[in-house]
$ cat input27.cif   # mmCIF, C-alpha atoms
data_protein
loop_
_atom_site.group_PDB
_atom_site.id
_atom_site.type_symbol
_atom_site.label_atom_id
_atom_site.label_comp_id
_atom_site.auth_asym_id
_atom_site.auth_seq_id
_atom_site.Cartn_x
_atom_site.Cartn_y
_atom_site.Cartn_z
ATOM 1 C CA MET A 9 0.000 0.000 0.000
ATOM 2 C CA ALA A 10 2.860 2.397 0.673
ATOM 3 C CA GLN A 11 6.604 2.450 1.170
ATOM 4 C CA THR A 12 9.445 4.679 2.367
ATOM 5 C CA GLN A 13 12.283 5.246 -0.095
ATOM 6 C CA ASN A 14 14.832 6.886 2.227
ATOM 7 C CA ASN A 15 15.149 8.750 5.513
ATOM 8 C CA ASP A 16 15.002 12.258 4.045
ATOM 9 C CA VAL A 17 12.252 12.064 1.426
ATOM 10 C CA LYS A 18 9.209 10.051 2.402
ATOM 11 C CA THR A 19 6.969 9.027 -0.455
ATOM 12 C CA GLY A 20 4.067 6.650 -0.767
ATOM 13 C CA VAL A 21 2.376 4.661 -3.509
ATOM 14 C CA LEU A 22 -1.378 4.652 -3.907
ATOM 15 C CA PRO A 23 -2.791 1.115 -4.224
ATOM 16 C CA SER A 24 -2.786 -0.158 -7.800
ATOM 17 C CA GLN A 25 -4.698 -3.350 -6.999
ATOM 18 C CA MET A 26 -7.815 -3.952 -4.955
ATOM 19 C CA HIS A 27 -8.173 -7.486 -3.600
ATOM 20 C CA ASP A 28 -11.267 -8.904 -1.954
ATOM 21 C CA THR A 29 -11.264 -9.504 1.797
ATOM 22 C CA ARG A 30 -11.209 -13.296 1.552
ATOM 23 C CA SER A 31 -8.195 -13.268 -0.774
ATOM 24 C CA LEU A 32 -6.277 -10.857 1.458
ATOM 25 C CA SER A 33 -6.888 -13.018 4.536
ATOM 26 C CA MET A 34 -5.333 -15.956 2.637
ATOM 27 C CA ALA A 35 -2.229 -13.887 1.745
ATOM 28 C CA SER A 36 -3.573 -13.105 -1.759
ATOM 29 C CA THR A 37 -2.932 -16.678 -2.899
ATOM 30 C CA THR A 38 -6.339 -17.199 -4.531
ATOM 31 C CA ILE A 39 -5.419 -16.486 -8.164
ATOM 32 C CA ALA A 40 -6.561 -20.044 -9.023
ATOM 33 C CA ASP A 41 -9.502 -20.287 -6.598
ATOM 34 C CA LEU A 42 -12.961 -20.627 -8.179
ATOM 35 C CA TYR A 43 -14.722 -21.531 -4.944
ATOM 36 C CA GLY A 44 -14.782 -18.307 -2.960
ATOM 37 C CA ARG A 45 -16.043 -15.762 -5.509
ATOM 38 C CA PRO A 46 -12.867 -13.651 -5.524
ATOM 39 C CA SER A 47 -12.825 -10.182 -7.035
ATOM 40 C CA ILE A 48 -11.453 -9.349 -10.468
ATOM 41 C CA GLY A 49 -8.485 -7.695 -8.748
ATOM 42 C CA ILE A 50 -6.900 -11.061 -7.905
ATOM 43 C CA ASN A 51 -7.241 -12.640 -11.385
ATOM 44 C CA ALA A 52 -9.605 -11.349 -14.061
ATOM 45 C CA ALA A 53 -9.593 -14.722 -15.849
ATOM 46 C CA LEU A 54 -11.495 -16.382 -12.975
ATOM 47 C CA SER A 55 -14.740 -14.640 -13.974
ATOM 48 C CA GLY A 56 -14.775 -16.754 -17.142
ATOM 49 C CA LEU A 57 -15.069 -19.983 -15.146
ATOM 50 C CA PHE A 58 -17.450 -19.065 -12.288
ATOM 51 C CA ASN A 59 -20.418 -21.397 -11.952
ATOM 52 C CA ASN A 60 -22.520 -18.532 -10.575
ATOM 53 C CA PRO A 61 -21.126 -15.088 -11.454
ATOM 54 C CA SER A 62 -24.200 -13.177 -10.238
ATOM 55 C CA PHE A 63 -23.054 -11.487 -7.046
ATOM 56 C CA LEU A 64 -22.309 -8.033 -5.681
ATOM 57 C CA GLN A 65 -19.174 -7.433 -3.652
ATOM 58 C CA PHE A 66 -18.181 -4.495 -1.449
ATOM 59 C CA ASN A 67 -14.910 -4.012 0.484
ATOM 60 C CA THR A 68 -13.547 -1.305 2.796
ATOM 61 C CA ASN A 69 -9.846 -1.151 3.685
ATOM 62 C CA LYS A 70 -8.155 0.936 6.410
ATOM 63 C CA ASN A 71 -4.377 1.434 6.238
ATOM 64 C CA TRP A 72 -2.856 2.287 9.620
ATOM 65 C CA ASP A 73 0.447 3.449 8.087
ATOM 66 C CA ASN A 74 -0.881 6.382 6.075
ATOM 67 C CA GLN A 75 -4.488 6.616 7.393
ATOM 68 C CA LEU A 76 -5.950 6.047 3.918
ATOM 69 C CA LEU A 77 -9.396 4.493 3.497
ATOM 70 C CA GLN A 78 -10.216 2.479 0.387
ATOM 71 C CA HIS A 79 -13.692 1.370 -0.748
ATOM 72 C CA ASP A 80 -14.633 -0.682 -3.806
ATOM 73 C CA LEU A 81 -17.845 -2.051 -5.303
ATOM 74 C CA MET A 82 -17.848 -4.864 -7.867
ATOM 75 C CA LEU A 83 -20.985 -5.378 -9.974
ATOM 76 C CA PRO A 84 -22.283 -8.738 -11.290
ATOM 77 C CA THR A 85 -20.585 -10.235 -14.322
ATOM 78 C CA LEU A 86 -22.327 -9.920 -17.675
ATOM 79 C CA SER A 87 -21.840 -13.170 -19.612
ATOM 80 C CA ILE A 88 -22.625 -13.609 -23.316
ATOM 81 C CA ASP A 89 -21.567 -17.049 -24.551
ATOM 82 C CA SER A 90 -17.797 -17.194 -23.929
ATOM 83 C CA HIS A 91 -17.435 -13.474 -23.188
ATOM 84 C CA HIS A 92 -17.567 -12.185 -19.597
ATOM 85 C CA ILE A 93 -17.454 -8.502 -18.594
ATOM 86 C CA THR A 94 -17.224 -7.193 -15.028
ATOM 87 C CA THR A 95 -17.022 -3.611 -13.769
ATOM 88 C CA ARG A 96 -15.761 -2.288 -10.462
ATOM 89 C CA PHE A 97 -15.547 1.180 -8.927
ATOM 90 C CA GLY A 98 -13.379 2.392 -6.072
ATOM 91 C CA ILE A 99 -12.367 5.421 -4.047
ATOM 92 C CA VAL A 100 -9.335 6.095 -1.842
ATOM 93 C CA HIS A 101 -9.368 9.014 0.598
ATOM 94 C CA ARG A 102 -7.964 10.185 3.901
ATOM 95 C CA GLY A 103 -9.557 8.481 6.885
ATOM 96 C CA PHE A 104 -9.934 9.389 10.541
ATOM 97 C CA GLU A 105 -6.687 10.055 12.372
ATOM 98 C CA ASN A 106 -5.597 7.318 14.813
ATOM 99 C CA PHE A 107 -8.823 5.320 14.470
ATOM 100 C CA PRO A 108 -9.083 2.570 15.528
ATOM 101 C CA PHE A 109 -5.365 2.478 16.419
ATOM 102 C CA LYS A 110 -2.772 5.229 16.700
ATOM 103 C CA SER A 111 -0.308 5.226 13.831
ATOM 104 C CA THR A 112 3.415 5.177 14.658
ATOM 105 C CA SER A 113 4.529 4.869 11.027
ATOM 106 C CA PRO A 114 7.068 7.392 9.628
ATOM 107 C CA LEU A 115 5.067 7.587 6.397
ATOM 108 C CA PRO A 116 3.321 10.862 5.525
ATOM 109 C CA LYS A 117 -0.429 11.077 6.081
ATOM 110 C CA PRO A 118 -1.493 12.407 2.665
ATOM 111 C CA ASP A 119 -4.643 14.410 2.006
ATOM 112 C CA ILE A 120 -5.569 12.638 -1.230
ATOM 113 C CA THR A 121 -8.729 11.517 -2.978
ATOM 114 C CA MET A 122 -8.511 8.991 -5.810
ATOM 115 C CA TYR A 123 -11.380 7.623 -7.905
ATOM 116 C CA ARG A 124 -11.003 4.436 -9.917
ATOM 117 C CA ALA A 125 -13.053 2.681 -12.596
ATOM 118 C CA GLU A 126 -12.150 -0.815 -13.744
ATOM 119 C CA LEU A 127 -13.267 -3.093 -16.529
ATOM 120 C CA ALA A 128 -12.408 -6.797 -16.609
ATOM 121 C CA TYR A 129 -12.860 -8.991 -19.664
ATOM 122 C CA ALA A 130 -12.520 -12.777 -19.673
ATOM 123 C CA PHE A 131 -12.823 -15.201 -22.567
ATOM 124 C CA SER A 132 -13.528 -18.816 -21.687
ATOM 125 C CA PHE A 133 -12.163 -21.183 -24.334
ATOM 126 C CA SER A 134 -13.903 -24.084 -22.576
ATOM 127 C CA ASN A 135 -15.276 -25.022 -19.172
ATOM 128 C CA TYR A 136 -11.675 -25.516 -18.065
ATOM 129 C CA PHE A 137 -9.579 -22.671 -19.500
ATOM 130 C CA SER A 138 -9.978 -18.886 -19.478
ATOM 131 C CA LEU A 139 -7.931 -15.788 -20.299
ATOM 132 C CA GLY A 140 -8.652 -12.374 -18.828
ATOM 133 C CA THR A 141 -7.468 -8.794 -18.527
ATOM 134 C CA LEU A 142 -8.205 -5.980 -16.085
ATOM 135 C CA GLN A 143 -8.084 -2.360 -17.276
ATOM 136 C CA SER A 144 -7.980 0.351 -14.585
ATOM 137 C CA ILE A 145 -8.262 4.143 -14.911
ATOM 138 C CA SER A 146 -7.692 6.396 -11.883
ATOM 139 C CA TYR A 147 -8.124 10.100 -11.197
ATOM 140 C CA ALA A 148 -6.449 11.587 -8.113
ATOM 141 C CA THR A 149 -6.472 15.026 -6.475
ATOM 142 C CA SER A 150 -4.564 16.342 -3.475
ATOM 143 C CA ASP A 151 -4.778 19.220 -1.006
ATOM 144 C CA GLY A 152 -2.196 20.963 -3.186
ATOM 145 C CA GLU A 153 -4.903 21.119 -5.855
ATOM 146 C CA GLU A 154 -2.957 18.844 -8.152
ATOM 147 C CA GLN A 155 -4.846 16.552 -10.495
ATOM 148 C CA ILE A 156 -3.505 13.440 -12.177
ATOM 149 C CA TRP A 157 -4.833 10.608 -14.341
ATOM 150 C CA ASN A 158 -3.385 7.112 -14.450
ATOM 151 C CA TYR A 159 -3.799 3.826 -16.320
ATOM 152 C CA VAL A 160 -2.653 0.328 -15.364
ATOM 153 C CA ALA A 161 -3.604 -3.173 -16.498
ATOM 154 C CA ASP A 162 -3.240 -6.814 -15.470
ATOM 155 C CA ALA A 163 -3.465 -10.023 -17.501
ATOM 156 C CA GLY A 164 -4.146 -13.536 -16.276
ATOM 157 C CA LEU A 165 -5.208 -17.068 -17.065
ATOM 158 C CA ALA A 166 -7.074 -19.779 -15.177
ATOM 159 C CA TYR A 167 -7.105 -23.530 -15.764
ATOM 160 C CA ALA A 168 -9.596 -25.740 -13.948
ATOM 161 C CA PRO A 169 -9.521 -29.391 -15.085
ATOM 162 C CA ASP A 170 -11.740 -32.029 -13.525
ATOM 163 C CA GLY A 171 -10.566 -32.702 -10.009
ATOM 164 C CA PRO A 172 -9.747 -30.827 -6.807
ATOM 165 C CA VAL A 173 -6.796 -28.754 -8.149
ATOM 166 C CA THR A 174 -7.036 -25.543 -10.203
ATOM 167 C CA TYR A 175 -4.239 -23.367 -11.594
ATOM 168 C CA GLY A 176 -3.726 -19.674 -12.243
ATOM 169 C CA LEU A 177 -1.165 -17.172 -13.542
ATOM 170 C CA VAL A 178 -1.212 -13.360 -13.396
ATOM 171 C CA PHE A 179 1.053 -10.608 -14.678
ATOM 172 C CA ARG A 180 0.483 -7.235 -12.996
ATOM 173 C CA GLY A 181 1.790 -3.719 -13.573
ATOM 174 C CA LEU A 182 1.227 -2.915 -17.249
ATOM 175 C CA GLY A 183 1.240 0.854 -16.985
ATOM 176 C CA GLN A 184 1.980 3.387 -14.272
ATOM 177 C CA GLU A 185 1.137 3.958 -10.619
ATOM 178 C CA ILE A 186 0.451 7.143 -8.663
ATOM 179 C CA ILE A 187 2.933 8.239 -6.014
ATOM 180 C CA TYR A 188 2.688 11.031 -3.454
ATOM 181 C CA GLU A 189 5.108 13.113 -1.373
ATOM 182 C CA ASN A 190 4.591 15.676 1.365
ATOM 183 C CA ASN A 191 6.433 18.858 0.356
ATOM 184 C CA GLU A 192 8.049 21.464 2.614
ATOM 185 C CA ALA A 193 4.794 23.401 2.864
ATOM 186 C CA GLY A 194 3.079 20.331 4.317
ATOM 187 C CA GLN A 195 1.009 19.788 1.190
ATOM 188 C CA THR A 196 0.816 16.557 -0.789
ATOM 189 C CA ALA A 197 2.426 16.472 -4.229
ATOM 190 C CA LEU A 198 1.362 13.840 -6.759
ATOM 191 C CA GLY A 199 3.354 12.093 -9.446
ATOM 192 C CA ARG A 200 3.552 8.970 -11.578
ATOM 193 C CA ARG A 201 6.105 6.268 -12.172
ATOM 194 C CA LEU A 202 6.214 2.913 -13.927
ATOM 195 C CA ALA A 203 4.192 0.397 -11.982
ATOM 196 C CA ARG A 204 6.011 -2.414 -10.231
ATOM 197 C CA GLN A 205 5.713 -5.458 -12.462
ATOM 198 C CA ILE A 206 4.743 -8.716 -10.794
ATOM 199 C CA LEU A 207 4.476 -12.268 -12.127
ATOM 200 C CA GLU A 208 2.550 -14.738 -9.983
ATOM 201 C CA ILE A 209 1.672 -18.400 -10.472
ATOM 202 C CA GLY A 210 -0.509 -20.396 -8.103
ATOM 203 C CA VAL A 211 -2.628 -23.469 -7.408
ATOM 204 C CA THR A 212 -5.668 -24.154 -5.237
ATOM 205 C CA PHE A 213 -6.719 -27.472 -3.725
ATOM 206 C CA ARG A 214 -10.174 -27.961 -2.238
ATOM 207 C CA TYR A 215 -11.768 -30.945 -0.541
ATOM 208 C CA PRO A 216 -14.195 -32.486 -1.078
ATOM 209 C CA ILE A 217 -15.435 -31.379 -4.495
ATOM 210 C CA GLU A 218 -18.584 -33.518 -4.714
ATOM 211 C CA GLU A 219 -20.306 -32.134 -1.604
ATOM 212 C CA ARG A 220 -19.860 -29.071 0.579
ATOM 213 C CA THR A 221 -16.216 -28.010 0.460
ATOM 214 C CA TYR A 222 -14.847 -27.540 3.972
ATOM 215 C CA LEU A 223 -11.135 -27.223 3.184
ATOM 216 C CA SER A 224 -9.389 -24.968 0.673
ATOM 217 C CA ILE A 225 -5.599 -24.602 0.426
ATOM 218 C CA SER A 226 -3.851 -22.205 -1.961
ATOM 219 C CA PHE A 227 -0.181 -21.697 -2.782
ATOM 220 C CA SER A 228 1.521 -19.181 -5.058
ATOM 221 C CA ASN A 229 4.965 -17.859 -5.936
ATOM 222 C CA GLU A 230 5.345 -14.177 -6.730
ATOM 223 C CA LYS A 231 8.254 -12.441 -8.412
ATOM 224 C CA ARG A 232 8.362 -8.671 -7.956
ATOM 225 C CA PHE A 233 10.759 -7.420 -10.622
ATOM 226 C CA GLY A 234 13.406 -5.076 -9.276
ATOM 227 C CA GLU A 235 13.219 -6.672 -5.817
ATOM 228 C CA ASP A 236 15.453 -9.371 -4.350
ATOM 229 C CA GLY A 237 14.134 -12.881 -3.975
ATOM 230 C CA LEU A 238 10.816 -14.625 -4.513
ATOM 231 C CA TRP A 239 7.701 -14.367 -2.372
ATOM 232 C CA TYR A 240 6.335 -17.744 -1.275
ATOM 233 C CA LYS A 241 2.710 -17.539 -0.191
ATOM 234 C CA GLY A 242 0.285 -19.978 1.357
ATOM 235 C CA GLY A 243 -3.321 -19.657 2.451
ATOM 236 C CA ILE A 244 -5.913 -21.920 4.039
ATOM 237 C CA GLU A 245 -9.668 -21.754 4.611
ATOM 238 C CA ILE A 246 -11.541 -24.145 6.916
ATOM 239 C CA LEU A 247 -15.325 -24.409 7.222
ATOM 240 C CA PRO A 248 -16.049 -26.220 10.521
ATOM 241 C CA VAL A 249 -19.745 -25.513 9.882
ATOM 242 C CA SER A 250 -21.503 -24.138 6.823
ATOM 243 C CA THR A 251 -21.922 -20.669 8.367
ATOM 244 C CA ILE A 252 -18.311 -19.978 9.465
ATOM 245 C CA ASN A 253 -15.091 -19.669 7.442
ATOM 246 C CA ILE A 254 -11.753 -19.537 9.299
ATOM 247 C CA ARG A 255 -8.892 -18.238 7.158
ATOM 248 C CA GLY A 256 -5.187 -17.595 7.418
ATOM 249 C CA GLY A 257 -2.142 -17.035 5.273
ATOM 250 C CA MET A 258 1.578 -16.363 5.271
ATOM 251 C CA MET A 259 3.895 -14.475 2.925
ATOM 252 C CA VAL A 260 7.607 -15.346 3.091
ATOM 253 C CA ASN A 261 10.653 -13.816 1.409
ATOM 254 C CA PHE A 262 13.790 -15.630 2.584
ATOM 255 C CA ASP A 263 16.194 -13.234 0.829
ATOM 256 C CA GLN A 264 14.754 -10.307 2.806
ATOM 257 C CA SER A 265 14.045 -12.352 5.975
ATOM 258 C CA LEU A 266 10.373 -11.336 5.891
ATOM 259 C CA PHE A 267 7.558 -13.449 7.372
ATOM 260 C CA ILE A 268 4.183 -11.752 7.085
ATOM 261 C CA PRO A 269 0.993 -13.305 8.513
ATOM 262 C CA ARG A 270 -2.639 -12.668 7.571
ATOM 263 C CA ILE A 271 -5.780 -13.887 9.341
ATOM 264 C CA GLY A 272 -9.496 -13.608 8.593
ATOM 265 C CA LEU A 273 -13.027 -14.780 9.293
ATOM 266 C CA GLY A 274 -16.149 -15.236 7.187
ATOM 267 C CA ILE A 275 -19.804 -15.592 8.208
ATOM 268 C CA ASN A 276 -22.419 -16.992 5.811
ATOM 269 C CA ILE A 277 -26.075 -16.096 6.313
ATOM 270 C CA SER A 278 -28.327 -17.268 3.480
ATOM 271 C CA GLU A 279 -27.293 -15.226 0.402
ATOM 272 C CA LEU A 280 -25.027 -12.909 2.412
ATOM 273 C CA GLN A 281 -21.345 -13.426 3.208
ATOM 274 C CA PHE A 282 -19.565 -11.161 5.706
ATOM 275 C CA HIS A 283 -15.773 -11.088 5.657
ATOM 276 C CA TYR A 284 -13.106 -9.582 7.907
ATOM 277 C CA MET A 285 -9.311 -9.771 7.729
ATOM 278 C CA ILE A 286 -6.346 -8.169 9.428
ATOM 279 C CA ALA A 287 -2.682 -7.813 8.497
ATOM 280 C CA PRO A 288 -1.233 -7.435 12.005
ATOM 281 C CA LYS A 289 2.463 -7.146 11.126
ATOM 282 C CA ASN A 290 3.843 -3.763 12.215
ATOM 283 C CA LEU A 291 5.654 -3.369 8.909
ATOM 284 C CA ILE A 292 5.220 -0.661 6.291
ATOM 285 C CA GLY A 293 2.552 -1.772 3.848
ATOM 286 C CA GLU A 294 1.431 -4.670 6.052
ATOM 287 C CA HIS A 295 -0.516 -2.920 8.805
ATOM 288 C CA PHE A 296 -4.150 -2.729 7.719
ATOM 289 C CA HIS A 297 -7.511 -4.409 8.004
ATOM 290 C CA GLN A 298 -10.469 -4.863 5.671
ATOM 291 C CA ILE A 299 -14.143 -5.727 5.863
ATOM 292 C CA GLY A 300 -16.191 -7.121 2.986
ATOM 293 C CA LEU A 301 -19.723 -8.076 2.003
ATOM 294 C CA THR A 302 -20.751 -10.453 -0.805
ATOM 295 C CA ILE A 303 -24.391 -10.693 -1.897
ATOM 296 C CA ALA A 304 -25.441 -13.591 -4.128
ATOM 297 C CA LEU A 305 -28.133 -12.644 -6.647
#

$ encode --input "input27.cif" --output "structure tokens"
Amino acid sequence: MAQTQNNDVKTGVLPSQMHDTRSLSMASTTIADLYGRPSIGINAALSGLFNNPSFLQFNTNKNWDNQLLQHDLMLPTLSIDSHHITTRFGIVHRGFENFPFKSTSPLPKPDITMYRAELAYAFSFSNYFSLGTLQSISYATSDGEEQIWNYVADAGLAYAPDGPVTYGLVFRGLGQEIIYENNEAGQTALGRRLARQILEIGVTFRYPIEERTYLSISFSNEKRFGEDGLWYKGGIEILPVSTINIRGGMMVNFDQSLFIPRIGLGINISELQFHYMIAPKNLIGEHFHQIGLTIAL
């Protein structure tokens, strides 16, 4: 969500991806998961293989490092034969200071508002294989009265043969990302730079597949170009009863000696699913929580 470049000039990066609450609680490993109705932000190709794409999804994210609030709303997928189109809208703005926890991060607390509109397109070649792309346009303003537009895109594929294992691949960062910096006058300056490019490949195993699935395990490897090492990620979801989902995940980078946990909970009531997750690590970019709501139509 944000990062510090050096001790003298503190800059941040506005989020270029929006992941659903369930995916975040499982360390964003769900790029191959067709079971949990993930958002188009994790892998746009998944919408081409959903058994039931008719659902609304809303998420709200609070970052304790920079006090930014993020909201997004994903509309139901429109499917015509093998073509699947999904739209999503989001807003990022400054939240309440020190709520619910006091921030001790050295990052600036920017006064920024960013609006985003996204369009995902997936083409399903069969019931087992799909390609997809996510196109995102953002418009940001700051208290310094700056205005900036930005474009970024992702591309992905999903493969779901008969059986309990599905596969996914995503390439992120085709375009630019918006950065911010607090200037000497205390105002927030905006800018753009090339987006960080990321290649991720993953698998999901769920059991059983004939009846109600009560166990889902996802793994993925992520390469962030320009950064040392690989990220190894694992996530698990357990359904002890049909109304409760217990989730957790871990992100590991051995080259940087980083071990980052995620935890979450889901509650299912008829056609409603409530989600909550927290990234408790007191590390820049990994100190946030998110709440989500999914409504099946």

$ atom_distance --input "input27.cif" --atom1 "CA of Leu127 (chain A)" --atom2 "CA of Ser90 (chain A)"
16.6 Å

$ residues_around --input "input27.cif" --residues "Ile246 (chain A)" --least-positions-apart "3" --cutoff "9 Å" --atoms "all atoms listed in the file" --output "ChimeraX atom specification"
/A:221-225,249,252-255

$ residues_around --input "input27.cif" --residues "region 209-219 of chain A" --least-positions-apart "6" --cutoff "12 Å" --atoms "only C-alpha atoms" --output "ChimeraX atom specification"
/A:34-44,50-51,164-180,225-231,238-247,250

$ write_last_selection --input "input27.cif" --atoms "C-alpha atoms" --output "PDB file, in the frame of the given file"
ATOM      1  CA  MET A  34      -5.333 -15.956   2.637  1.00  0.00           C
ATOM      2  CA  ALA A  35      -2.229 -13.887   1.745  1.00  0.00           C
ATOM      3  CA  SER A  36      -3.573 -13.105  -1.759  1.00  0.00           C
ATOM      4  CA  THR A  37      -2.932 -16.678  -2.899  1.00  0.00           C
ATOM      5  CA  THR A  38      -6.339 -17.199  -4.531  1.00  0.00           C
ATOM      6  CA  ILE A  39      -5.419 -16.486  -8.164  1.00  0.00           C
ATOM      7  CA  ALA A  40      -6.561 -20.044  -9.023  1.00  0.00           C
ATOM      8  CA  ASP A  41      -9.502 -20.287  -6.598  1.00  0.00           C
ATOM      9  CA  LEU A  42     -12.961 -20.627  -8.179  1.00  0.00           C
ATOM     10  CA  TYR A  43     -14.722 -21.531  -4.944  1.00  0.00           C
ATOM     11  CA  GLY A  44     -14.782 -18.307  -2.960  1.00  0.00           C
ATOM     12  CA  ILE A  50      -6.900 -11.061  -7.905  1.00  0.00           C
ATOM     13  CA  ASN A  51      -7.241 -12.640 -11.385  1.00  0.00           C
ATOM     14  CA  GLY A 164      -4.146 -13.536 -16.276  1.00  0.00           C
ATOM     15  CA  LEU A 165      -5.208 -17.068 -17.065  1.00  0.00           C
ATOM     16  CA  ALA A 166      -7.074 -19.779 -15.177  1.00  0.00           C
ATOM     17  CA  TYR A 167      -7.105 -23.530 -15.764  1.00  0.00           C
ATOM     18  CA  ALA A 168      -9.596 -25.740 -13.948  1.00  0.00           C
ATOM     19  CA  PRO A 169      -9.521 -29.391 -15.085  1.00  0.00           C
ATOM     20  CA  ASP A 170     -11.740 -32.029 -13.525  1.00  0.00           C
ATOM     21  CA  GLY A 171     -10.566 -32.702 -10.009  1.00  0.00           C
ATOM     22  CA  PRO A 172      -9.747 -30.827  -6.807  1.00  0.00           C
ATOM     23  CA  VAL A 173      -6.796 -28.754  -8.149  1.00  0.00           C
ATOM     24  CA  THR A 174      -7.036 -25.543 -10.203  1.00  0.00           C
ATOM     25  CA  TYR A 175      -4.239 -23.367 -11.594  1.00  0.00           C
ATOM     26  CA  GLY A 176      -3.726 -19.674 -12.243  1.00  0.00           C
ATOM     27  CA  LEU A 177      -1.165 -17.172 -13.542  1.00  0.00           C
ATOM     28  CA  VAL A 178      -1.212 -13.360 -13.396  1.00  0.00           C
ATOM     29  CA  PHE A 179       1.053 -10.608 -14.678  1.00  0.00           C
ATOM     30  CA  ARG A 180       0.483  -7.235 -12.996  1.00  0.00           C
ATOM     31  CA  ILE A 225      -5.599 -24.602   0.426  1.00  0.00           C
ATOM     32  CA  SER A 226      -3.851 -22.205  -1.961  1.00  0.00           C
ATOM     33  CA  PHE A 227      -0.181 -21.697  -2.782  1.00  0.00           C
ATOM     34  CA  SER A 228       1.521 -19.181  -5.058  1.00  0.00           C
ATOM     35  CA  ASN A 229       4.965 -17.859  -5.936  1.00  0.00           C
ATOM     36  CA  GLU A 230       5.345 -14.177  -6.730  1.00  0.00           C
ATOM     37  CA  LYS A 231       8.254 -12.441  -8.412  1.00  0.00           C
ATOM     38  CA  LEU A 238      10.816 -14.625  -4.513  1.00  0.00           C
ATOM     39  CA  TRP A 239       7.701 -14.367  -2.372  1.00  0.00           C
ATOM     40  CA  TYR A 240       6.335 -17.744  -1.275  1.00  0.00           C
ATOM     41  CA  LYS A 241       2.710 -17.539  -0.191  1.00  0.00           C
ATOM     42  CA  GLY A 242       0.285 -19.978   1.357  1.00  0.00           C
ATOM     43  CA  GLY A 243      -3.321 -19.657   2.451  1.00  0.00           C
ATOM     44  CA  ILE A 244      -5.913 -21.920   4.039  1.00  0.00           C
ATOM     45  CA  GLU A 245      -9.668 -21.754   4.611  1.00  0.00           C
ATOM     46  CA  ILE A 246     -11.541 -24.145   6.916  1.00  0.00           C
ATOM     47  CA  LEU A 247     -15.325 -24.409   7.222  1.00  0.00           C
ATOM     48  CA  SER A 250     -21.503 -24.138   6.823  1.00  0.00           C
TER      49      SER A 250
END

$ axis_aligned_box --input "input27.cif" --around "region 150-165 of chain A" --padding-each-side "4 Å" --output "AutoDock Vina command-line options"
--center_x -3.7 --center_y 2.0 --center_z -9.3 --size_x 11.0 --size_y 46.2 --size_z 24.5

$ closest_atom_pairs --input "input27.cif" --of "region 158-266 of chain A" --to "region 67-85 of chain A" --cutoff "12 Å" --atoms "only C-alpha atoms" --output "CSV"
residue,atom,partner,partner_atom,distance
A:Tyr188,CA,A:Asn74,CA,11.2
A:Glu189,CA,A:Asn74,CA,11.7
A:Asn190,CA,A:Asn74,CA,11.8

$ closest_residue --input "input27.cif" --among "A:Leu291, A:Ile271, A:Val21, A:Leu280" --to "Leu64 (chain A)" --atoms "all atoms listed in the file"
A:Leu280

$ closest_residue --input "input27.cif" --among "A:Val260, A:Ile206, A:Leu301, A:Ile99" --to "Leu273 (chain A)" --atoms "only C-alpha atoms"
A:Leu301

$ residues_around --input "input27.cif" --residues "Ile277 (chain A)" --least-positions-apart "4" --cutoff "9 Å" --atoms "only C-alpha atoms" --output "PyMOL selection string"
chain A and resi 251+281-282

$ closest_residue --input "input27.cif" --among "A:Arg204, A:Arg102, A:Lys117, A:His92" --to "Leu139 (chain A)" --atoms "all atoms listed in the file"
A:His92

$ closest_residue --input "input27.cif" --among "A:Thr29, A:Gln298, A:Ser134, A:Ser150" --to "Phe58 (chain A)" --atoms "only C-alpha atoms"
A:Ser134

$ atom_distance --input "input27.cif" --atom1 "CA of Asp162 (chain A)" --atom2 "CA of Ile299 (chain A)"
24.0 Å

$ closest_residue --input "input27.cif" --among "A:Phe97, A:Phe63, A:Phe267, A:Tyr147" --to "Glu294 (chain A)" --atoms "all atoms listed in the file"
A:Phe267

$ atom_distance --input "input27.cif" --atom1 "CA of Ile186 (chain A)" --atom2 "CA of Ile120 (chain A)"
11.0 Å
